[in-house]
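Asks: Take this structure, written in structure tokens, and hold onto it; I'll ask about it next.
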Amino acid sequence: MTTPLEQKSTIHEIKTRFDNDVERFSKLETGQQATIDAPLVLDLVARTAALHLKPNDSILDIGCGAGNFTLRVLQEVHPLACHLADLSQPMLERASERIENAGVNYVQTYQSDLRDLDFEENAFDCILAGAVLHHLRDDEDWRETFEKLYNWLKPGGRIYVSDLVSFDEPGVHKLMWKRYGDYLESLGG
Ligand SMILES: C[S@@+](CC[C@H](N)C(=O)[O-])C[C@H]1O[C@@H](n2cnc3c(N)ncnc32)[C@H](O)[C@@H]1O
């Protein structure tokens with residue numbers, strides 16, 4: 001079950017929304033509160049990534065927001081060569097400030113739609129994609145993006161994707177999304 005393309009926000013709408021929402025994405029303890037399981041996912045990704053990363057490896061965080069995923073991984077493995085990509089320049093500025101404050105002196109930022117990013121093959125030991133891939137538009141976007149992500153990873157590198165999911169079984173889908181709706185309402189909508 002996917003959102004029909006005509007119901008998706010435009011890239012400009014998405015960018016404007018996130019440009020004005022940096023604060024909400026800047027709390028490492030809660031993670032970004034728009035997802036119900038953000039702290040758990042941050043923890044799982046960081047501890048799992050730490051099983052294969054070593055200091056000075058390179059990491060690419062796409063849709064990095066204010067940098068929570070990279071920051072949490074840095075708590076396990078430090079330092080890393082950090083590459084941060086996001087549509088929103090204010091998000092990137094906050095992310096690089098926080099990551100530099102965590103003692104990392106190699107931080108590169110890329111203000112871009114993730115579909116337009118272009119890196120060399122075998123560039124990264126790890127790619128993080130936290131709550132961003134659902135912004136892809138159509139099947140072609142998904143195929144092209146995953147082909148690129150695969151090529152940018154070094155052999156043995158890993159990608160961690162965390163995102164909204166829908167369920168094929170309608171009853172399960174309804175139950176899970178009601179749970180999510182109740183959670184959002186508990187935060188004030
Ligand atoms: C829900 S936030 C998640 C931020 C961060 N990964 C986290 O979990 O805290 C999604 C981020 O993806 C960015 N984004 C949305 N669509 C994008 C696109 N097409 N290309 C690059 N970044 C995008 C937004 O600007 C926003 O910062």
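Within each chain, counting starts at residue 1; across the structure tokens, chains are named A, B, ... in the order shown, with ligands numbered 1 upward in that order.
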Using backbone DSSP assignments, extract all strand (DSSP E or B) residues from chain A; output them as an mmCIF file with N, CA, C and O atoms, in the first residue's frame.

Replies:
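In the end it all went to out.cif:
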```cif
data_model
loop_
_atom_site.group_PDB
_atom_site.id
_atom_site.type_symbol
_atom_site.label_atom_id
_atom_site.label_comp_id
_atom_site.auth_asym_id
_atom_site.auth_seq_id
_atom_site.Cartn_x
_atom_site.Cartn_y
_atom_site.Cartn_z
ATOM 1 N N SER A 58 34.021 5.977 6.942
ATOM 2 C CA SER A 58 33.178 7.052 6.404
ATOM 3 C C SER A 58 31.710 6.633 6.411
ATOM 4 O O SER A 58 31.360 5.486 6.130
ATOM 5 N N ILE A 59 30.900 7.614 6.738
ATOM 6 C CA ILE A 59 29.468 7.362 6.902
ATOM 7 C C ILE A 59 28.692 8.432 6.130
ATOM 8 O O ILE A 59 29.087 9.600 6.131
ATOM 9 N N LEU A 60 27.638 8.013 5.443
ATOM 10 C CA LEU A 60 26.761 8.959 4.740
ATOM 11 C C LEU A 60 25.383 8.866 5.379
ATOM 12 O O LEU A 60 24.815 7.780 5.471
ATOM 13 N N ASP A 61 24.859 10.018 5.809
ATOM 14 C CA ASP A 61 23.527 10.073 6.440
ATOM 15 C C ASP A 61 22.615 10.842 5.494
ATOM 16 O O ASP A 61 22.752 12.059 5.347
ATOM 17 N N ILE A 62 21.714 10.109 4.810
ATOM 18 C CA ILE A 62 20.842 10.822 3.865
ATOM 19 C C ILE A 62 19.518 11.178 4.549
ATOM 20 O O ILE A 62 18.981 10.393 5.312
ATOM 21 N N ALA A 81 34.398 9.893 9.469
ATOM 22 C CA ALA A 81 34.303 10.912 8.425
ATOM 23 C C ALA A 81 32.826 11.021 8.073
ATOM 24 O O ALA A 81 32.234 10.069 7.555
ATOM 25 N N CYS A 82 32.224 12.170 8.413
ATOM 26 C CA CYS A 82 30.763 12.280 8.336
ATOM 27 C C CYS A 82 30.313 13.056 7.105
ATOM 28 O O CYS A 82 30.695 14.217 6.928
ATOM 29 N N HIS A 83 29.488 12.422 6.284
ATOM 30 C CA HIS A 83 28.905 13.061 5.104
ATOM 31 C C HIS A 83 27.399 13.165 5.357
ATOM 32 O O HIS A 83 26.743 12.145 5.613
ATOM 33 N N LEU A 84 26.888 14.388 5.282
ATOM 34 C CA LEU A 84 25.487 14.631 5.638
ATOM 35 C C LEU A 84 24.738 15.199 4.441
ATOM 36 O O LEU A 84 25.190 16.178 3.848
ATOM 37 N N ALA A 85 23.615 14.591 4.091
ATOM 38 C CA ALA A 85 22.840 15.087 2.949
ATOM 39 C C ALA A 85 21.403 15.358 3.383
ATOM 40 O O ALA A 85 20.804 14.544 4.095
ATOM 41 N N ASP A 86 20.878 16.478 2.957
ATOM 42 C CA ASP A 86 19.478 16.803 3.263
ATOM 43 C C ASP A 86 18.999 17.870 2.278
ATOM 44 O O ASP A 86 19.784 18.666 1.761
ATOM 45 N N VAL A 107 33.470 16.899 8.541
ATOM 46 C CA VAL A 107 32.029 16.913 8.257
ATOM 47 C C VAL A 107 31.811 17.576 6.900
ATOM 48 O O VAL A 107 32.233 18.719 6.689
ATOM 49 N N GLN A 108 31.206 16.858 5.978
ATOM 50 C CA GLN A 108 30.864 17.423 4.660
ATOM 51 C C GLN A 108 29.345 17.454 4.541
ATOM 52 O O GLN A 108 28.690 16.479 4.929
ATOM 53 N N THR A 109 28.804 18.552 4.022
ATOM 54 C CA THR A 109 27.349 18.610 3.858
ATOM 55 C C THR A 109 26.982 18.751 2.373
ATOM 56 O O THR A 109 27.731 19.337 1.593
ATOM 57 N N TYR A 110 25.816 18.209 2.034
ATOM 58 C CA TYR A 110 25.318 18.241 0.657
ATOM 59 C C TYR A 110 23.846 18.637 0.719
ATOM 60 O O TYR A 110 23.020 17.851 1.183
ATOM 61 N N GLN A 111 23.554 19.872 0.303
ATOM 62 C CA GLN A 111 22.160 20.308 0.286
ATOM 63 C C GLN A 111 21.572 19.893 -1.065
ATOM 64 O O GLN A 111 21.902 20.468 -2.114
ATOM 65 N N PHE A 124 31.578 4.744 0.781
ATOM 66 C CA PHE A 124 31.200 4.789 2.200
ATOM 67 C C PHE A 124 31.198 3.396 2.849
ATOM 68 O O PHE A 124 30.842 2.406 2.217
ATOM 69 N N ASP A 125 31.551 3.385 4.135
ATOM 70 C CA ASP A 125 31.477 2.143 4.905
ATOM 71 C C ASP A 125 30.060 1.893 5.406
ATOM 72 O O ASP A 125 29.702 0.754 5.721
ATOM 73 N N CYS A 126 29.300 2.966 5.515
ATOM 74 C CA CYS A 126 27.959 2.835 6.090
ATOM 75 C C CYS A 126 27.067 3.953 5.550
ATOM 76 O O CYS A 126 27.520 5.085 5.393
ATOM 77 N N ILE A 127 25.833 3.613 5.244
ATOM 78 C CA ILE A 127 24.847 4.634 4.848
ATOM 79 C C ILE A 127 23.656 4.526 5.792
ATOM 80 O O ILE A 127 23.171 3.419 6.081
ATOM 81 N N LEU A 128 23.208 5.675 6.282
ATOM 82 C CA LEU A 128 22.044 5.738 7.163
ATOM 83 C C LEU A 128 20.913 6.457 6.417
ATOM 84 O O LEU A 128 21.164 7.493 5.780
ATOM 85 N N ALA A 129 19.719 5.921 6.500
ATOM 86 C CA ALA A 129 18.565 6.576 5.870
ATOM 87 C C ALA A 129 17.411 6.501 6.856
ATOM 88 O O ALA A 129 16.631 5.534 6.851
ATOM 89 N N GLY A 130 17.312 7.495 7.721
ATOM 90 C CA GLY A 130 16.310 7.479 8.782
ATOM 91 C C GLY A 130 15.090 8.305 8.413
ATOM 92 O O GLY A 130 15.167 9.529 8.305
ATOM 93 N N LEU A 153 28.309 2.110 -1.552
ATOM 94 C CA LEU A 153 28.859 1.368 -0.408
ATOM 95 C C LEU A 153 30.117 0.613 -0.804
ATOM 96 O O LEU A 153 30.191 0.025 -1.892
ATOM 97 N N LYS A 154 31.096 0.616 0.086
ATOM 98 C CA LYS A 154 32.274 -0.225 -0.121
ATOM 99 C C LYS A 154 31.852 -1.692 0.013
ATOM 100 O O LYS A 154 30.851 -1.986 0.687
ATOM 101 N N PRO A 155 32.632 -2.623 -0.540
ATOM 102 C CA PRO A 155 32.307 -4.038 -0.320
ATOM 103 C C PRO A 155 32.246 -4.313 1.185
ATOM 104 O O PRO A 155 33.125 -3.871 1.927
ATOM 105 N N GLY A 156 31.204 -4.972 1.612
ATOM 106 C CA GLY A 156 31.044 -5.255 3.048
ATOM 107 C C GLY A 156 30.409 -4.107 3.813
ATOM 108 O O GLY A 156 30.135 -4.235 5.009
ATOM 109 N N GLY A 157 30.197 -2.972 3.134
ATOM 110 C CA GLY A 157 29.529 -1.838 3.790
ATOM 111 C C GLY A 157 28.056 -2.158 4.030
ATOM 112 O O GLY A 157 27.511 -3.102 3.460
ATOM 113 N N ARG A 158 27.426 -1.370 4.876
ATOM 114 C CA ARG A 158 26.027 -1.671 5.220
ATOM 115 C C ARG A 158 25.163 -0.417 5.161
ATOM 116 O O ARG A 158 25.638 0.672 5.445
ATOM 117 N N ILE A 159 23.907 -0.635 4.819
ATOM 118 C CA ILE A 159 22.949 0.469 4.844
ATOM 119 C C ILE A 159 21.876 0.159 5.880
ATOM 120 O O ILE A 159 21.434 -0.986 6.006
ATOM 121 N N TYR A 160 21.496 1.176 6.628
ATOM 122 C CA TYR A 160 20.443 1.037 7.640
ATOM 123 C C TYR A 160 19.276 1.931 7.230
ATOM 124 O O TYR A 160 19.438 3.139 7.111
ATOM 125 N N VAL A 161 18.139 1.306 7.021
ATOM 126 C CA VAL A 161 16.942 2.055 6.624
ATOM 127 C C VAL A 161 15.915 1.924 7.727
ATOM 128 O O VAL A 161 15.609 0.822 8.182
ATOM 129 N N SER A 162 15.412 3.064 8.178
ATOM 130 C CA SER A 162 14.302 3.018 9.124
ATOM 131 C C SER A 162 13.195 3.885 8.540
ATOM 132 O O SER A 162 13.464 4.999 8.076
#
```

Asks: For range 39-51 of chain A, work out the shell of residues within 7 Å, counting only C-alpha atoms and skipping chain neighbours fewer than 5 positions away, then give it as a list in words.

Replies: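 My reading of the contact set: Glu29, Thr30, Gly31, Phe69, Arg72, Val73, Glu76, Val77 and Tyr160 of chain A.
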
Asks: Give me a file of those residues, with C-alpha atoms, as an mmCIF file, in the first residue's frame.

Replies:
```
data_model
loop_
_atom_site.group_PDB
_atom_site.id
_atom_site.type_symbol
_atom_site.label_atom_id
_atom_site.label_comp_id
_atom_site.auth_asym_id
_atom_site.auth_seq_id
_atom_site.Cartn_x
_atom_site.Cartn_y
_atom_site.Cartn_z
ATOM 1 C CA GLU A 29 17.130 11.443 23.821
ATOM 2 C CA THR A 30 13.751 11.251 22.108
ATOM 3 C CA GLY A 31 14.887 11.097 18.488
ATOM 4 C CA PHE A 69 21.436 9.051 13.560
ATOM 5 C CA ARG A 72 24.055 8.296 18.017
ATOM 6 C CA VAL A 73 26.464 6.165 15.933
ATOM 7 C CA GLU A 76 29.599 4.028 19.740
ATOM 8 C CA VAL A 77 32.417 4.655 17.212
ATOM 9 C CA TYR A 160 20.443 1.037 7.640
#
```

Asks: Using only C-alpha atoms and all ligand atoms for the distances, tell me which of A:Pro170, A:Gly63, A:Pro55, A:Gly103 is nearest to ligand 1.

Replies: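 Among the listed residues, the smallest separation from ligand 1 belongs to A:Gly63.
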
Asks: Counting only C-alpha atoms and all ligand atoms, which protein, DNA or RNA residues come within 9 Å of ligand 1, given as a ChimeraX atom specification?

Replies: /A:11,14-19,21-22,24-28,31-35,38,42,61-70,85-92,111-117,128-137,162-163

Asks: What are the DSSP alpha helix (DSSP H) residues of chain A, as an NGL selection string?

Replies: :A and (11-19 or 38-49 or 68-74 or 89-101 or 139-152 or 170-186)

Asks: Looking at A:Ser166, A:Lys148, A:Asn56, A:Asp139, which one is nearest to Asn105 in chain A, with distances taken over only C-alpha atoms?

Replies: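 Of all the options, A:Asn56 lies closest to Asn105 in chain A.
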